[in-house]
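Next up, target-v2.txt (compact mmCIF, C-alpha atoms):
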# COMPACT_ATOMS: atom_id res chain seq x y z
CA MET L 8 225.23 98.70 68.43
CA ALA L 9 221.62 97.87 67.49
CA HIS L 10 218.88 99.56 69.48
CA PRO L 11 215.15 98.84 69.98
CA TYR L 12 213.88 102.20 68.75
CA VAL L 13 212.06 103.40 65.65
CA PRO L 14 213.29 104.12 63.07
CA ALA L 15 215.90 101.37 63.04
CA GLU L 16 218.38 103.65 61.27
CA LEU L 17 218.29 106.17 64.13
CA HIS L 18 221.93 106.97 64.92
CA LEU L 19 222.76 106.63 68.62
CA PRO L 20 226.55 106.66 69.04
CA GLY L 21 227.72 104.70 72.06
CA PHE L 22 224.27 103.30 72.82
CA VAL L 23 224.23 101.13 75.96
CA PRO L 24 221.35 98.60 76.12
CA LEU L 25 218.89 98.63 79.00
CA GLN L 26 220.20 96.92 82.10
CA LEU L 27 216.96 97.00 84.08
CA SER L 28 213.75 95.19 83.16
CA GLN L 29 210.47 97.00 82.64
CA THR L 30 209.31 95.75 86.05
CA GLN L 31 212.49 96.98 87.75
CA ILE L 32 211.88 100.42 86.25
CA LEU L 33 208.14 100.79 86.76
CA VAL L 34 207.74 99.30 90.25
CA PRO L 35 210.07 101.82 92.01
CA TYR L 36 208.46 104.73 90.14
CA LEU L 37 204.91 103.63 90.91
CA GLY L 38 205.82 102.75 94.49
CA THR L 39 207.46 106.14 95.09
CA SER L 40 204.50 107.91 93.51
CA VAL L 41 202.06 106.09 95.79
CA PHE L 42 204.25 106.95 98.79
CA VAL L 43 204.26 110.67 97.87
CA VAL L 44 200.49 110.74 97.38
CA LEU L 45 199.85 108.84 100.62
CA ALA L 46 202.25 111.05 102.59
CA VAL L 47 200.66 114.29 101.35
CA TRP L 48 197.17 112.91 101.99
CA LEU L 49 198.01 111.92 105.57
CA ILE L 50 199.86 115.16 106.36
CA SER L 51 197.07 117.32 104.92
CA GLY L 52 194.58 115.38 107.03
CA ARG L 53 196.27 116.65 110.18
CA CYS L 54 194.98 120.16 109.58
CA GLY L 55 191.89 119.57 111.67
CA GLY L 56 189.43 119.49 108.79
CA ARG L 57 190.53 122.94 107.62
CA ILE L 58 191.33 121.56 104.16
CA SER L 59 188.54 119.90 102.16
CA LYS L 60 188.99 116.43 100.70
CA THR L 61 189.01 117.89 97.20
CA ASP L 62 191.84 120.25 98.09
CA ARG L 63 193.72 117.41 99.76
CA TRP L 64 193.51 115.37 96.56
CA LEU L 65 194.68 118.40 94.63
CA MET L 66 197.67 118.74 96.96
CA CYS L 67 198.49 115.08 96.28
CA TRP L 68 198.30 115.67 92.54
CA TRP L 69 200.42 118.81 92.59
CA ALA L 70 203.06 117.14 94.77
CA PHE L 71 203.20 114.12 92.48
CA THR L 72 203.27 116.10 89.24
CA GLY L 73 205.74 118.66 90.59
CA LEU L 74 208.25 116.05 91.69
CA THR L 75 207.78 114.15 88.42
CA HIS L 76 208.47 117.30 86.41
CA ILE L 77 211.55 118.26 88.41
CA ILE L 78 213.16 114.90 89.08
CA ILE L 79 212.13 112.64 86.20
CA GLU L 80 211.81 115.15 83.38
CA GLY L 81 214.58 117.33 84.71
CA THR L 82 217.09 114.49 84.51
CA PHE L 83 216.16 113.96 80.85
CA VAL L 84 216.69 117.61 79.99
CA PHE L 85 220.10 117.88 81.62
CA ALA L 86 221.45 114.45 80.63
CA PRO L 87 221.76 114.59 76.82
CA LYS L 88 223.81 111.38 76.60
CA PHE L 89 221.69 109.28 78.94
CA PHE L 90 221.52 106.48 76.37
CA ALA L 91 225.32 106.15 76.21
CA ASN L 92 226.26 106.13 79.91
CA LYS L 93 228.43 103.09 80.64
CA ASN L 94 227.14 102.98 84.20
CA PRO L 95 223.56 104.16 83.71
CA SER L 96 221.59 105.60 86.57
CA TYR L 97 218.01 104.61 87.29
CA PHE L 98 216.83 107.74 85.46
CA ASP L 99 218.90 106.87 82.38
CA GLU L 100 217.10 103.53 82.34
CA VAL L 101 213.71 105.23 82.73
CA TRP L 102 214.25 107.30 79.61
CA LYS L 103 215.70 104.45 77.57
CA GLU L 104 212.59 102.46 78.43
CA TYR L 105 210.17 105.34 77.77
CA SER L 106 211.85 106.00 74.42
CA LYS L 107 210.39 102.72 73.21
CA GLY L 108 207.11 104.61 73.18
CA ASP L 109 208.57 107.83 71.76
CA SER L 110 212.02 107.66 70.20
CA ARG L 111 212.17 111.45 69.95
CA TYR L 112 213.48 111.36 73.52
CA VAL L 113 216.49 109.18 72.82
CA ALA L 114 217.02 111.14 69.57
CA ARG L 115 217.02 114.42 71.55
CA ASP L 116 214.41 116.04 69.31
CA PRO L 117 214.72 119.85 69.87
CA ALA L 118 210.97 120.44 70.28
CA THR L 119 210.68 117.63 72.81
CA VAL L 120 213.70 118.81 74.80
CA THR L 121 212.32 122.36 74.81
CA VAL L 122 208.89 121.33 76.07
CA GLU L 123 210.40 119.13 78.76
CA GLY L 124 212.84 121.87 79.76
CA ILE L 125 210.06 124.41 80.30
CA THR L 126 208.05 121.80 82.16
CA ALA L 127 210.90 120.86 84.49
CA VAL L 128 212.21 124.36 85.21
CA LEU L 129 208.95 126.32 85.43
CA GLU L 130 205.98 124.03 85.88
CA GLY L 131 207.70 121.71 88.35
CA PRO L 132 208.44 124.33 91.01
CA ALA L 133 205.08 126.04 90.32
CA SER L 134 203.31 122.74 91.02
CA LEU L 135 205.01 122.43 94.39
CA LEU L 136 204.11 126.05 95.11
CA ALA L 137 200.49 125.09 94.42
CA VAL L 138 200.68 122.55 97.27
CA TYR L 139 201.73 125.30 99.64
CA ALA L 140 199.16 127.74 98.24
CA ILE L 141 196.29 125.30 98.78
CA ALA L 142 197.43 124.35 102.28
CA SER L 143 197.87 128.02 103.27
CA ARG L 144 194.73 129.22 101.49
CA LYS L 145 196.68 131.82 99.57
CA SER L 146 194.71 134.28 97.45
CA TYR L 147 196.70 133.29 94.38
CA SER L 148 195.96 129.57 94.72
CA HIS L 149 193.43 129.26 91.90
CA ILE L 150 195.14 131.60 89.47
CA LEU L 151 198.37 129.65 90.04
CA GLN L 152 196.68 126.30 89.48
CA PHE L 153 194.89 127.62 86.40
CA THR L 154 198.14 128.96 84.94
CA VAL L 155 200.10 125.76 85.53
CA CYS L 156 197.28 123.69 84.06
CA LEU L 157 197.31 125.81 80.92
CA GLY L 158 201.07 125.30 80.68
CA GLN L 159 200.67 121.54 81.03
CA LEU L 160 197.90 121.41 78.45
CA TYR L 161 199.91 123.57 76.04
CA GLY L 162 202.89 121.26 76.48
CA CYS L 163 200.72 118.20 75.75
CA LEU L 164 199.29 119.85 72.64
CA VAL L 165 202.77 120.63 71.33
CA TYR L 166 203.88 117.10 72.21
CA PHE L 167 201.08 115.35 70.33
CA ILE L 168 200.81 117.78 67.40
CA THR L 169 204.55 117.69 66.65
CA ALA L 170 204.42 113.89 66.78
CA TYR L 171 201.64 113.93 64.19
CA LEU L 172 203.42 116.45 61.97
CA ASP L 173 206.67 114.46 62.14
CA GLY L 174 205.02 111.28 60.91
CA PHE L 175 203.39 109.82 64.03
CA TYR L 176 205.75 106.85 64.05
CA PHE L 177 208.02 106.81 67.07
CA TRP L 178 207.03 103.69 69.01
CA ALA L 179 208.49 100.21 68.92
CA SER L 180 205.09 98.46 68.98
CA PRO L 181 201.36 99.17 69.60
CA PHE L 182 201.89 98.22 73.25
CA TYR L 183 204.37 101.03 73.80
CA PHE L 184 202.15 103.43 71.87
CA TRP L 185 199.18 102.83 74.16
CA ALA L 186 201.08 102.27 77.41
CA TYR L 187 203.67 105.07 77.13
CA PHE L 188 202.80 107.55 74.40
CA ILE L 189 199.08 107.65 75.23
CA GLY L 190 198.71 106.13 78.69
CA ALA L 191 201.61 107.84 80.45
CA ASN L 192 200.56 111.25 79.13
CA SER L 193 196.78 111.06 79.43
CA SER L 194 196.78 112.12 83.09
CA TRP L 195 198.39 115.43 82.10
CA VAL L 196 195.49 116.09 79.73
CA VAL L 197 192.49 114.95 81.75
CA ILE L 198 193.43 116.13 85.26
CA PRO L 199 194.74 119.62 84.31
CA THR L 200 191.58 120.15 82.24
CA LEU L 201 189.38 119.36 85.24
CA ILE L 202 191.46 121.52 87.58
CA ALA L 203 191.53 124.42 85.11
CA VAL L 204 187.73 124.35 84.81
CA ARG L 205 187.36 124.24 88.61
CA SER L 206 189.78 127.11 89.18
CA TRP L 207 188.20 129.17 86.39
CA LYS L 208 184.81 128.84 88.08
CA ARG L 209 186.28 129.82 91.45
CA ILE L 210 188.04 132.87 89.98
CA CYS L 211 184.86 133.98 88.19
CA ALA L 212 182.82 133.51 91.36
CA ALA L 213 185.29 135.61 93.35
CA PHE L 214 185.09 138.44 90.81
CA GLN L 215 181.29 138.22 90.86
CA VAL L 216 181.26 138.59 94.65
CA GLU L 217 183.58 141.59 94.39
CA LYS L 218 181.33 143.12 91.73
CA VAL L 219 178.27 142.71 93.94
CA LYS L 220 180.10 144.33 96.86
CA LYS L 221 181.10 147.32 94.75
CA THR L 222 177.54 147.66 93.47
CA LYS L 223 176.15 147.74 97.01
CA LEU L 224 178.77 150.24 98.16
CA GLY L 225 178.15 152.40 95.08
Once you've parsed the file, please lay out its structure as structure tokens.
Amino acid sequence: MAHPYVPAELHLPGFVPLQLSQTQILVPYLGTSVFVVLAVWLISGRCGGRISKTDRWLMCWWAFTGLTHIIIEGTFVFAPKFFANKNPSYFDEVWKEYSKGDSRYVARDPATVTVEGITAVLEGPASLLAVYAIASRKSYSHILQFTVCLGQLYGCLVYFITAYLDGFYFWASPFYFWAYFIGANSSWVVIPTLIAVRSWKRICAAFQVEKVKKTKLG
């Protein structure tokens, strides 16, 4: 059966066309994401001002990104035949739609599956741990956030560089290139970069304070 992906000769045995529209796919995802962010924001606000607004926003981000890694990306990793399911789940439809912007997903490109697997299994839970670490003011909060951000940035670099090396031609149209390939991934470049810089400064400041203390005691 013909499919909407590039290249047209991509072999997808048993391909089942999309049964949900773009709106039916995006609205539930965006709505759920807003709900998660709003819930974390409201819950974190009940801590009597103990958590700063910046940290509350960070908790929202880590909750959103952690659940996205585990639930959305995790279903891709562990459902190799999502494009051929006769009774596709919502997540099957998500990845068939997203593959219009990057057909390496529906083609099960090994590098893409590997990056997504690491992201779902390691970075997802670590992101949720970051929510707890910020809320509880754990000593490892910034080193954890810095580490996860580096992992996310590394994954994005591999994602974009391998696309370039493989020909940079995996999208059905310019719309899907900008909306999915670029737009849907840009947050995981910009936000982790900002968080990594912030955490790096906090870690360096903490070491500087410790150094001053040791100098005074010495």
Which polymer residues have any atom within 8 Å of an atom of Val155 (chain L), counting only C-alpha atoms, with same-chain residues fewer than 3 positions away left out, as a list in words? Glu130, Ala133, Ser134, Leu151, Gln152, Gly158 and Gln159 of chain L
Two-atom distance - CA of Phe85 (chain L), CA of Leu157 (chain L) (Å):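 Taking CA of Phe85 (chain L) as the start and CA of Leu157 (chain L) as the end point, the length is 24.1 Å.
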Got a sec: who's within 12 Å of Val122 (chain L), counting all atoms listed in the file, leaving out chain neighbours fewer than 3 positions off, as number ranges by chain? L: 76, 80-81, 83-84, 112, 115-119, 125-130, 158-167, 169
For Leu19 (chain L), please output as a PyMOL selection string all residues within 8 Å (counting only C-alpha atoms; exclusion window: fewer than 5 positions along the same chain). chain L and resi 90+113-114
Students should find that CA of Ser59 (chain L) and CA of Ile78 (chain L) are spaced 28.3 Å
Residues around (202.1, 119.2, 91.7), cut-off 12 Å, counting all atoms listed in the file - what are they as a VMD selection string? chain L and resid 40 43 to 44 47 63 to 77 126 to 127 129 to 141 151 to 152 155 to 156 159 195 198 to 199 202
Separation of CA of Asn92 (chain L) and CA of Ile189 (chain L), in Å? 27.6 Å
Which polymer residues, protein or nucleic acid, are no farther than 12 Å from (208.1, 102.7, 88.9), counting all atoms listed in the file, as number ranges by chain? L: 27-42, 75, 79, 97-98, 100-101, 104-105, 191
Based on the selection just made, write C-alpha atoms of those residues as a short mmCIF file (atom, residue, chain, number, x, y, z; two decimals), in the coordinates of the input.
data_model
loop_
_atom_site.label_atom_id
_atom_site.label_comp_id
_atom_site.auth_asym_id
_atom_site.auth_seq_id
_atom_site.Cartn_x
_atom_site.Cartn_y
_atom_site.Cartn_z
CA LEU L 27 216.96 97.00 84.08
CA SER L 28 213.75 95.19 83.16
CA GLN L 29 210.47 97.00 82.64
CA THR L 30 209.31 95.75 86.05
CA GLN L 31 212.49 96.98 87.75
CA ILE L 32 211.88 100.42 86.25
CA LEU L 33 208.14 100.79 86.76
CA VAL L 34 207.74 99.30 90.25
CA PRO L 35 210.07 101.82 92.01
CA TYR L 36 208.46 104.73 90.14
CA LEU L 37 204.91 103.63 90.91
CA GLY L 38 205.82 102.75 94.49
CA THR L 39 207.46 106.14 95.09
CA SER L 40 204.50 107.91 93.51
CA VAL L 41 202.06 106.09 95.79
CA PHE L 42 204.25 106.95 98.79
CA THR L 75 207.78 114.15 88.42
CA ILE L 79 212.13 112.64 86.20
CA TYR L 97 218.01 104.61 87.29
CA PHE L 98 216.83 107.74 85.46
CA GLU L 100 217.10 103.53 82.34
CA VAL L 101 213.71 105.23 82.73
CA GLU L 104 212.59 102.46 78.43
CA TYR L 105 210.17 105.34 77.77
CA ALA L 191 201.61 107.84 80.45
#
